[in-house]
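Structure data (mmCIF, C-alpha atoms; chains and numbers go by the auth columns) from query_23.cif:
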```cif
data_data
loop_
_atom_site.group_PDB
_atom_site.id
_atom_site.type_symbol
_atom_site.label_atom_id
_atom_site.label_comp_id
_atom_site.label_asym_id
_atom_site.label_seq_id
_atom_site.Cartn_x
_atom_site.Cartn_y
_atom_site.Cartn_z
_atom_site.B_iso_or_equiv
_atom_site.auth_seq_id
_atom_site.auth_asym_id
ATOM 1 C CA MET A 1 60.113 -41.158 -12.559 0.00 235 X
ATOM 2 C CA GLY A 2 59.607 -44.539 -14.201 0.00 236 X
ATOM 3 C CA GLN A 3 57.845 -46.007 -17.199 0.00 237 X
ATOM 4 C CA THR A 4 55.864 -49.141 -17.973 0.00 238 X
ATOM 5 C CA ILE A 5 57.361 -51.533 -20.501 0.00 239 X
ATOM 6 C CA ASN A 6 56.462 -55.006 -21.752 0.00 240 X
ATOM 7 C CA LEU A 7 58.570 -58.061 -20.931 0.00 241 X
ATOM 8 C CA LYS A 8 58.330 -61.547 -22.405 0.00 242 X
ATOM 9 C CA SER A 9 58.369 -64.719 -20.348 0.00 243 X
ATOM 10 C CA ALA A 10 60.075 -67.956 -21.389 0.00 244 X
ATOM 11 C CA ASP A 11 56.746 -69.373 -22.571 0.00 245 X
ATOM 12 C CA GLY A 12 56.135 -66.352 -24.804 0.00 246 X
ATOM 13 C CA PHE A 13 53.680 -64.650 -22.428 0.00 247 X
ATOM 14 C CA THR A 14 53.958 -60.843 -22.542 0.00 248 X
ATOM 15 C CA PHE A 15 53.332 -58.823 -19.387 0.00 249 X
ATOM 16 C CA PRO A 16 53.885 -55.219 -18.242 0.00 250 X
ATOM 17 C CA ALA A 17 56.483 -54.108 -15.729 0.00 251 X
ATOM 18 C CA TYR A 18 57.125 -50.715 -14.184 0.00 252 X
ATOM 19 C CA VAL A 19 60.780 -49.732 -14.550 0.00 253 X
ATOM 20 C CA ALA A 20 62.473 -46.963 -12.558 0.00 254 X
ATOM 21 C CA GLU A 21 66.074 -46.067 -13.354 0.00 255 X
ATOM 22 C CA PRO A 22 68.646 -44.274 -11.188 0.00 256 X
ATOM 23 C CA SER A 23 70.139 -40.956 -12.248 0.00 257 X
ATOM 24 C CA GLY A 24 73.685 -42.331 -12.415 0.00 258 X
ATOM 25 C CA LYS A 25 75.323 -45.707 -12.844 0.00 259 X
ATOM 26 C CA PRO A 26 73.202 -48.393 -11.119 0.00 260 X
ATOM 27 C CA ARG A 27 74.389 -49.932 -7.864 0.00 261 X
ATOM 28 C CA GLY A 28 72.599 -53.095 -8.933 0.00 262 X
ATOM 29 C CA GLY A 29 69.302 -54.377 -10.236 0.00 263 X
ATOM 30 C CA LEU A 30 66.262 -54.775 -8.002 0.00 264 X
ATOM 31 C CA LEU A 31 62.855 -56.396 -8.383 0.00 265 X
ATOM 32 C CA VAL A 32 59.927 -54.984 -6.407 0.00 266 X
ATOM 33 C CA LEU A 33 57.066 -57.487 -6.146 0.00 267 X
ATOM 34 C CA GLN A 34 53.559 -56.147 -5.632 0.00 268 X
ATOM 35 C CA GLU A 35 51.044 -56.810 -2.885 0.00 269 X
ATOM 36 C CA ILE A 36 47.596 -58.147 -3.837 0.00 270 X
ATOM 37 C CA PHE A 37 46.619 -54.694 -5.091 0.00 271 X
ATOM 38 C CA GLY A 38 48.559 -54.626 -8.347 0.00 272 X
ATOM 39 C CA VAL A 39 51.420 -52.400 -9.448 0.00 273 X
ATOM 40 C CA ASN A 40 49.603 -49.427 -7.972 0.00 274 X
ATOM 41 C CA SER A 41 50.770 -45.955 -6.970 0.00 275 X
ATOM 42 C CA HIS A 42 52.305 -47.285 -3.755 0.00 276 X
ATOM 43 C CA ILE A 43 54.357 -49.994 -5.462 0.00 277 X
ATOM 44 C CA ARG A 44 55.493 -47.482 -8.088 0.00 278 X
ATOM 45 C CA SER A 45 56.565 -45.099 -5.320 0.00 279 X
ATOM 46 C CA VAL A 46 58.520 -47.915 -3.650 0.00 280 X
ATOM 47 C CA ALA A 47 60.220 -48.626 -6.977 0.00 281 X
ATOM 48 C CA ASP A 48 60.971 -44.923 -7.451 0.00 282 X
ATOM 49 C CA GLY A 49 62.429 -44.780 -3.940 0.00 283 X
ATOM 50 C CA TYR A 50 64.846 -47.620 -4.604 0.00 284 X
ATOM 51 C CA ALA A 51 65.781 -46.039 -7.937 0.00 285 X
ATOM 52 C CA ALA A 52 66.584 -42.813 -6.067 0.00 286 X
ATOM 53 C CA ASP A 53 68.916 -44.923 -3.920 0.00 287 X
ATOM 54 C CA GLY A 54 70.766 -46.009 -7.056 0.00 288 X
ATOM 55 C CA TYR A 55 69.083 -49.218 -8.197 0.00 289 X
ATOM 56 C CA PHE A 56 67.709 -50.208 -11.596 0.00 290 X
ATOM 57 C CA VAL A 57 64.244 -51.281 -10.478 0.00 291 X
ATOM 58 C CA VAL A 58 61.723 -53.564 -12.168 0.00 292 X
ATOM 59 C CA ALA A 59 58.220 -54.115 -10.743 0.00 293 X
ATOM 60 C CA PRO A 60 56.499 -56.843 -12.792 0.00 294 X
ATOM 61 C CA ALA A 61 52.706 -57.111 -12.945 0.00 295 X
ATOM 62 C CA THR A 62 52.359 -60.531 -11.338 0.00 296 X
ATOM 63 C CA PHE A 63 48.549 -60.521 -11.707 0.00 297 X
ATOM 64 C CA HIS A 64 48.699 -60.203 -15.485 0.00 298 X
ATOM 65 C CA ARG A 65 48.141 -63.909 -16.200 0.00 299 X
ATOM 66 C CA ALA A 66 44.827 -63.645 -14.335 0.00 300 X
ATOM 67 C CA LYS A 67 43.770 -60.082 -15.147 0.00 301 X
ATOM 68 C CA ALA A 68 45.361 -57.162 -16.984 0.00 302 X
ATOM 69 C CA GLY A 69 45.702 -53.612 -15.713 0.00 303 X
ATOM 70 C CA VAL A 70 45.123 -54.261 -12.016 0.00 304 X
ATOM 71 C CA GLU A 71 45.642 -51.161 -9.890 0.00 305 X
ATOM 72 C CA MET A 72 43.674 -50.963 -6.671 0.00 306 X
ATOM 73 C CA GLY A 73 43.513 -49.105 -3.410 0.00 307 X
ATOM 74 C CA TYR A 74 43.117 -50.560 0.084 0.00 308 X
ATOM 75 C CA THR A 75 39.375 -50.685 0.765 0.00 309 X
ATOM 76 C CA GLU A 76 37.656 -53.867 1.908 0.00 310 X
ATOM 77 C CA ALA A 77 36.322 -54.348 -1.623 0.00 311 X
ATOM 78 C CA ASP A 78 39.849 -53.971 -3.005 0.00 312 X
ATOM 79 C CA MET A 79 41.084 -56.492 -0.440 0.00 313 X
ATOM 80 C CA ASN A 80 38.486 -59.048 -1.488 0.00 314 X
ATOM 81 C CA ALA A 81 39.226 -58.508 -5.185 0.00 315 X
ATOM 82 C CA GLY A 82 42.955 -58.808 -4.534 0.00 316 X
ATOM 83 C CA PHE A 83 42.548 -62.060 -2.632 0.00 317 X
ATOM 84 C CA ALA A 84 40.482 -63.469 -5.504 0.00 318 X
ATOM 85 C CA LEU A 85 43.174 -62.519 -8.040 0.00 319 X
ATOM 86 C CA LYS A 86 45.949 -63.915 -5.857 0.00 320 X
ATOM 87 C CA THR A 87 44.003 -67.180 -5.577 0.00 321 X
ATOM 88 C CA ALA A 88 43.543 -67.287 -9.355 0.00 322 X
ATOM 89 C CA VAL A 89 47.278 -66.840 -9.970 0.00 323 X
ATOM 90 C CA GLU A 90 48.224 -69.349 -7.267 0.00 324 X
ATOM 91 C CA GLU A 91 45.923 -71.882 -8.945 0.00 325 X
ATOM 92 C CA LEU A 92 47.602 -71.547 -12.349 0.00 326 X
ATOM 93 C CA PRO A 93 49.349 -74.713 -13.560 0.00 327 X
ATOM 94 C CA ALA A 94 52.978 -74.875 -12.449 0.00 328 X
ATOM 95 C CA PRO A 95 55.221 -72.936 -12.758 0.00 329 X
ATOM 96 C CA GLY A 96 52.525 -70.248 -12.677 0.00 330 X
ATOM 97 C CA VAL A 97 53.853 -66.700 -12.445 0.00 331 X
ATOM 98 C CA MET A 98 57.454 -67.677 -11.672 0.00 332 X
ATOM 99 C CA PRO A 99 58.663 -67.447 -15.317 0.00 333 X
ATOM 100 C CA ASP A 100 57.474 -63.824 -15.375 0.00 334 X
ATOM 101 C CA ILE A 101 59.567 -63.043 -12.308 0.00 335 X
ATOM 102 C CA GLN A 102 62.503 -64.821 -13.964 0.00 336 X
ATOM 103 C CA ALA A 103 62.109 -62.622 -17.049 0.00 337 X
ATOM 104 C CA ALA A 104 62.055 -59.538 -14.818 0.00 338 X
ATOM 105 C CA ILE A 105 65.285 -60.726 -13.155 0.00 339 X
ATOM 106 C CA HIS A 106 66.928 -60.979 -16.576 0.00 340 X
ATOM 107 C CA HIS A 107 65.831 -57.431 -17.400 0.00 341 X
ATOM 108 C CA ALA A 108 67.007 -56.058 -14.050 0.00 342 X
ATOM 109 C CA ALA A 109 70.418 -57.646 -14.561 0.00 343 X
ATOM 110 C CA GLN A 110 71.426 -54.756 -16.817 0.00 344 X
ATOM 111 C CA GLY A 111 71.821 -52.867 -13.534 0.00 345 X
ATOM 112 C CA GLY A 112 74.336 -55.379 -12.166 0.00 346 X
ATOM 113 C CA LYS A 113 73.782 -58.028 -9.498 0.00 347 X
ATOM 114 C CA VAL A 114 70.068 -58.448 -8.823 0.00 348 X
ATOM 115 C CA GLY A 115 68.170 -58.350 -5.546 0.00 349 X
ATOM 116 C CA ILE A 116 64.457 -58.847 -4.927 0.00 350 X
ATOM 117 C CA VAL A 117 62.060 -57.320 -2.407 0.00 351 X
ATOM 118 C CA GLY A 118 58.360 -58.020 -2.079 0.00 352 X
ATOM 119 C CA TYR A 119 55.429 -57.193 0.157 0.00 353 X
ATOM 120 C CA CYS A 120 52.522 -59.352 1.350 0.00 354 X
ATOM 121 C CA TRP A 121 51.876 -61.830 -1.494 0.00 355 X
ATOM 122 C CA GLY A 122 54.965 -60.332 -3.132 0.00 356 X
ATOM 123 C CA GLY A 123 56.873 -61.325 0.000 0.00 357 X
ATOM 124 C CA LEU A 124 55.829 -64.936 -0.519 0.00 358 X
ATOM 125 C CA LEU A 125 56.858 -64.749 -4.191 0.00 359 X
ATOM 126 C CA THR A 126 60.173 -63.201 -3.100 0.00 360 X
ATOM 127 C CA TRP A 127 60.822 -66.191 -0.835 0.00 361 X
ATOM 128 C CA ARG A 128 59.920 -68.639 -3.593 0.00 362 X
ATOM 129 C CA SER A 129 62.137 -66.745 -6.028 0.00 363 X
ATOM 130 C CA ALA A 130 65.070 -66.910 -3.604 0.00 364 X
ATOM 131 C CA CYS A 131 64.594 -70.673 -3.464 0.00 365 X
ATOM 132 C CA ALA A 132 63.808 -71.476 -7.103 0.00 366 X
ATOM 133 C CA LEU A 133 64.952 -68.842 -9.589 0.00 367 X
ATOM 134 C CA LYS A 134 68.313 -68.025 -11.145 0.00 368 X
ATOM 135 C CA GLY A 135 70.206 -64.758 -11.282 0.00 369 X
ATOM 136 C CA LEU A 136 69.477 -63.398 -7.813 0.00 370 X
ATOM 137 C CA SER A 137 72.048 -62.316 -5.234 0.00 371 X
ATOM 138 C CA ALA A 138 69.815 -61.322 -2.286 0.00 372 X
ATOM 139 C CA ALA A 139 66.149 -61.416 -1.268 0.00 373 X
ATOM 140 C CA VAL A 140 64.083 -59.402 1.208 0.00 374 X
ATOM 141 C CA PRO A 141 60.495 -60.562 1.797 0.00 375 X
ATOM 142 C CA TYR A 142 58.246 -58.288 3.853 0.00 376 X
ATOM 143 C CA TYR A 143 55.449 -60.057 5.792 0.00 377 X
ATOM 144 C CA GLY A 144 55.234 -62.779 3.167 0.00 378 X
ATOM 145 C CA GLY A 145 51.795 -64.271 3.658 0.00 379 X
ATOM 146 C CA GLY A 146 52.144 -68.054 3.757 0.00 380 X
ATOM 147 C CA MET A 147 55.934 -68.224 3.755 0.00 381 X
ATOM 148 C CA THR A 148 56.030 -69.428 7.368 0.00 382 X
ATOM 149 C CA THR A 149 53.740 -72.402 6.678 0.00 383 X
ATOM 150 C CA PRO A 150 55.473 -75.799 6.844 0.00 384 X
ATOM 151 C CA GLU A 151 55.111 -76.268 3.079 0.00 385 X
ATOM 152 C CA GLU A 152 56.811 -72.971 2.208 0.00 386 X
ATOM 153 C CA ALA A 153 59.339 -73.127 5.039 0.00 387 X
ATOM 154 C CA ALA A 154 60.517 -76.460 3.652 0.00 388 X
ATOM 155 C CA ARG A 155 62.028 -74.614 0.694 0.00 389 X
ATOM 156 C CA GLN A 156 65.756 -73.836 0.751 0.00 390 X
ATOM 157 C CA PRO A 157 67.001 -70.412 -0.380 0.00 391 X
ATOM 158 C CA GLY A 158 69.901 -70.230 -2.783 0.00 392 X
ATOM 159 C CA VAL A 159 70.812 -66.647 -1.858 0.00 393 X
ATOM 160 C CA PRO A 160 71.066 -64.584 1.352 0.00 394 X
ATOM 161 C CA VAL A 161 67.629 -63.659 2.740 0.00 395 X
ATOM 162 C CA MET A 162 66.458 -60.987 5.174 0.00 396 X
ATOM 163 C CA ALA A 163 62.803 -61.230 6.244 0.00 397 X
ATOM 164 C CA HIS A 164 60.651 -58.564 7.926 0.00 398 X
ATOM 165 C CA PHE A 165 57.562 -59.404 10.010 0.00 399 X
ATOM 166 C CA GLY A 166 55.200 -57.580 12.368 0.00 400 X
ATOM 167 C CA ASN A 167 54.343 -59.007 15.779 0.00 401 X
ATOM 168 C CA LYS A 168 50.718 -57.804 15.489 0.00 402 X
ATOM 169 C CA ASP A 169 50.175 -59.433 12.094 0.00 403 X
ATOM 170 C CA HIS A 170 47.072 -61.636 12.414 0.00 404 X
ATOM 171 C CA TRP A 171 47.782 -63.113 8.953 0.00 405 X
ATOM 172 C CA ILE A 172 51.183 -64.458 10.038 0.00 406 X
ATOM 173 C CA PRO A 173 51.091 -65.798 13.623 0.00 407 X
ATOM 174 C CA LEU A 174 54.239 -65.080 15.594 0.00 408 X
ATOM 175 C CA ASP A 175 54.706 -68.735 16.556 0.00 409 X
ATOM 176 C CA THR A 176 55.033 -69.587 12.846 0.00 410 X
ATOM 177 C CA VAL A 177 57.676 -66.870 12.479 0.00 411 X
ATOM 178 C CA GLU A 178 59.589 -68.424 15.391 0.00 412 X
ATOM 179 C CA ALA A 179 59.308 -71.865 13.792 0.00 413 X
ATOM 180 C CA PHE A 180 60.551 -70.417 10.493 0.00 414 X
ATOM 181 C CA LYS A 181 63.567 -68.907 12.277 0.00 415 X
ATOM 182 C CA LYS A 182 64.463 -72.283 13.764 0.00 416 X
ATOM 183 C CA THR A 183 64.116 -73.994 10.379 0.00 417 X
ATOM 184 C CA HIS A 184 66.249 -71.330 8.668 0.00 418 X
ATOM 185 C CA PRO A 185 68.957 -70.114 11.080 0.00 419 X
ATOM 186 C CA GLY A 186 70.812 -68.615 8.127 0.00 420 X
ATOM 187 C CA VAL A 187 67.936 -66.238 7.300 0.00 421 X
ATOM 188 C CA ILE A 188 68.067 -62.849 9.017 0.00 422 X
ATOM 189 C CA VAL A 189 64.624 -62.350 10.583 0.00 423 X
ATOM 190 C CA HIS A 190 63.493 -59.004 11.987 0.00 424 X
ATOM 191 C CA VAL A 191 60.234 -58.632 13.916 0.00 425 X
ATOM 192 C CA TYR A 192 58.720 -55.183 14.484 0.00 426 X
ATOM 193 C CA GLU A 193 56.070 -53.751 16.807 0.00 427 X
ATOM 194 C CA ALA A 194 53.763 -53.493 13.822 0.00 428 X
ATOM 195 C CA ASN A 195 50.882 -54.951 11.868 0.00 429 X
ATOM 196 C CA HIS A 196 50.647 -56.552 8.443 0.00 430 X
ATOM 197 C CA GLY A 197 51.335 -53.999 5.712 0.00 431 X
ATOM 198 C CA PHE A 198 53.392 -51.741 7.971 0.00 432 X
ATOM 199 C CA ASN A 199 55.515 -50.516 5.058 0.00 433 X
ATOM 200 C CA CYS A 200 52.586 -49.123 3.059 0.00 434 X
ATOM 201 C CA ASP A 201 51.872 -45.453 3.767 0.00 435 X
ATOM 202 C CA GLN A 202 48.468 -45.782 2.060 0.00 436 X
ATOM 203 C CA ARG A 203 47.211 -48.342 4.593 0.00 437 X
ATOM 204 C CA GLY A 204 45.864 -47.874 8.097 0.00 438 X
ATOM 205 C CA SER A 205 48.453 -50.385 9.305 0.00 439 X
ATOM 206 C CA TYR A 206 51.331 -48.130 8.188 0.00 440 X
ATOM 207 C CA ASN A 207 54.009 -47.803 10.855 0.00 441 X
ATOM 208 C CA GLU A 208 56.501 -45.087 9.984 0.00 442 X
ATOM 209 C CA ALA A 209 59.160 -46.122 12.493 0.00 443 X
ATOM 210 C CA ALA A 210 59.057 -49.791 11.483 0.00 444 X
ATOM 211 C CA ALA A 211 58.992 -48.941 7.787 0.00 445 X
ATOM 212 C CA LYS A 212 61.995 -46.628 8.124 0.00 446 X
ATOM 213 C CA LEU A 213 64.064 -49.138 10.117 0.00 447 X
ATOM 214 C CA ALA A 214 63.175 -52.040 7.806 0.00 448 X
ATOM 215 C CA ARG A 215 64.111 -49.991 4.763 0.00 449 X
ATOM 216 C CA GLU A 216 67.459 -48.967 6.281 0.00 450 X
ATOM 217 C CA ARG A 217 68.207 -52.600 7.040 0.00 451 X
ATOM 218 C CA SER A 218 67.130 -53.686 3.550 0.00 452 X
ATOM 219 C CA LEU A 219 69.295 -51.057 1.861 0.00 453 X
ATOM 220 C CA ALA A 220 72.313 -52.107 3.935 0.00 454 X
ATOM 221 C CA PHE A 221 71.625 -55.746 3.065 0.00 455 X
ATOM 222 C CA PHE A 222 71.398 -54.988 -0.652 0.00 456 X
ATOM 223 C CA ALA A 223 74.524 -52.828 -0.502 0.00 457 X
ATOM 224 C CA GLN A 224 76.367 -55.767 1.058 0.00 458 X
ATOM 225 C CA HIS A 225 75.251 -58.375 -1.448 0.00 459 X
ATOM 226 C CA LEU A 226 74.788 -56.392 -4.672 0.00 460 X
ATOM 227 C CA GLY A 227 77.711 -53.980 -4.373 0.00 461 X
#
```
Written as structure tokens, that's how I'd like the structure from this file.
Amino acid sequence: MGQTINLKSADGFTFPAYVAEPSGKPRGGLLVLQEIFGVNSHIRSVADGYAADGYFVVAPATFHRAKAGVEMGYTEADMNAGFALKTAVEELPAPGVMPDIQAAIHHAAQGGKVGIVGYCWGGLLTWRSACALKGLSAAVPYYGGGMTTPEEAARQPGVPVMAHFGNKDHWIPLDTVEAFKKTHPGVIVHVYEANHGFNCDQRGSYNEAAAKLARERSLAFFAQHLG
């Protein structure tokens, strides 16, 4: 459904992004931020799904500053490689990958008001984007690894945020989710009977019921703030 294009960041860095367009006039623009496995077939299918719902979707390759052409599956080896790449990008000098996300926001804006959704590490980047970047109107992080730590929770979002977590997620302890909710009463927080990665139908932790409900809620949230 979509195609891969090149975008240019403010510092001149060129990186690929998967773009999926709706069949009719866009309801808005939407960024889809990858997990630690690259812009793989799952992330492309997520982008295609949001495009089918009417959004002009951009999924930037947020690993590109560390390694080009990353597209992995969900084996233990893939997990280890993904963690290493995430660490490499997180260790880049500030502002790191954020200018690339900003460039993707600018591109998505041709679809109208822009929202952002991200999964796993992409959920953390979605939270940071909601707090630091310009041109967004709504943000939906899914099980953003690290976003409930005191350092990340200290950030203040500039746009409405809806966050999805799983109560069986051993990467994000439930007590930190509760603390995050208290710190950010304005953020809509949903917790599901599910594990980390519950939205990904290529992972063993996939939970169809939770994924369906979270997506319905996300679509309603985007319709409210991007319409």
Is it possible to get the axis-aligned box enclosing segment 438-455 of chain X (all listed atoms, 6 Å extra per side) as lines of an AutoDock Vina configuration file, with centre and edge lengths in Å rounded to one decimal?
```
center_x = 59.1
center_y = -50.4
center_z = 7.2
size_x = 38.4
size_y = 22.7
size_z = 22.6
```
#### Entry: Output check: residues returned by the PyMOL selection byres ((chain X and resi 320) around 10), as a ChimeraX atom specification
/X:269-272,296-297,300,314-319,321-325,355
### Atomic separation - atom CA of Ala366 of chain X relative to atom CA of Met332 of chain X, Å
8.7 Å
### Task
Could you jot down the atom CA of His341 of chain X to atom CA of Ala281 of chain X separation for me, Å, one decimal place?
14.8 Å
### Message
So, with all atoms listed in the file as the atoms that count, which of X:Gly357, X:Gly420, X:Gly236, X:Gly349 lies closest to Ser275 of chain X?
### Response
X:Gly236
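For Tyr440 of chain X, the set of protein, DNA and RNA residues having any atom at most 9 Å away, when counting only C-alpha atoms and skipping those fewer than 3 positions along the same chain, is X:Ala428, X:Asn429, X:His430, X:Gly431, X:Phe432, X:Asn433, X:Cys434, X:Asp435, X:Gln436, X:Arg437, X:Ala444, X:Ala445.
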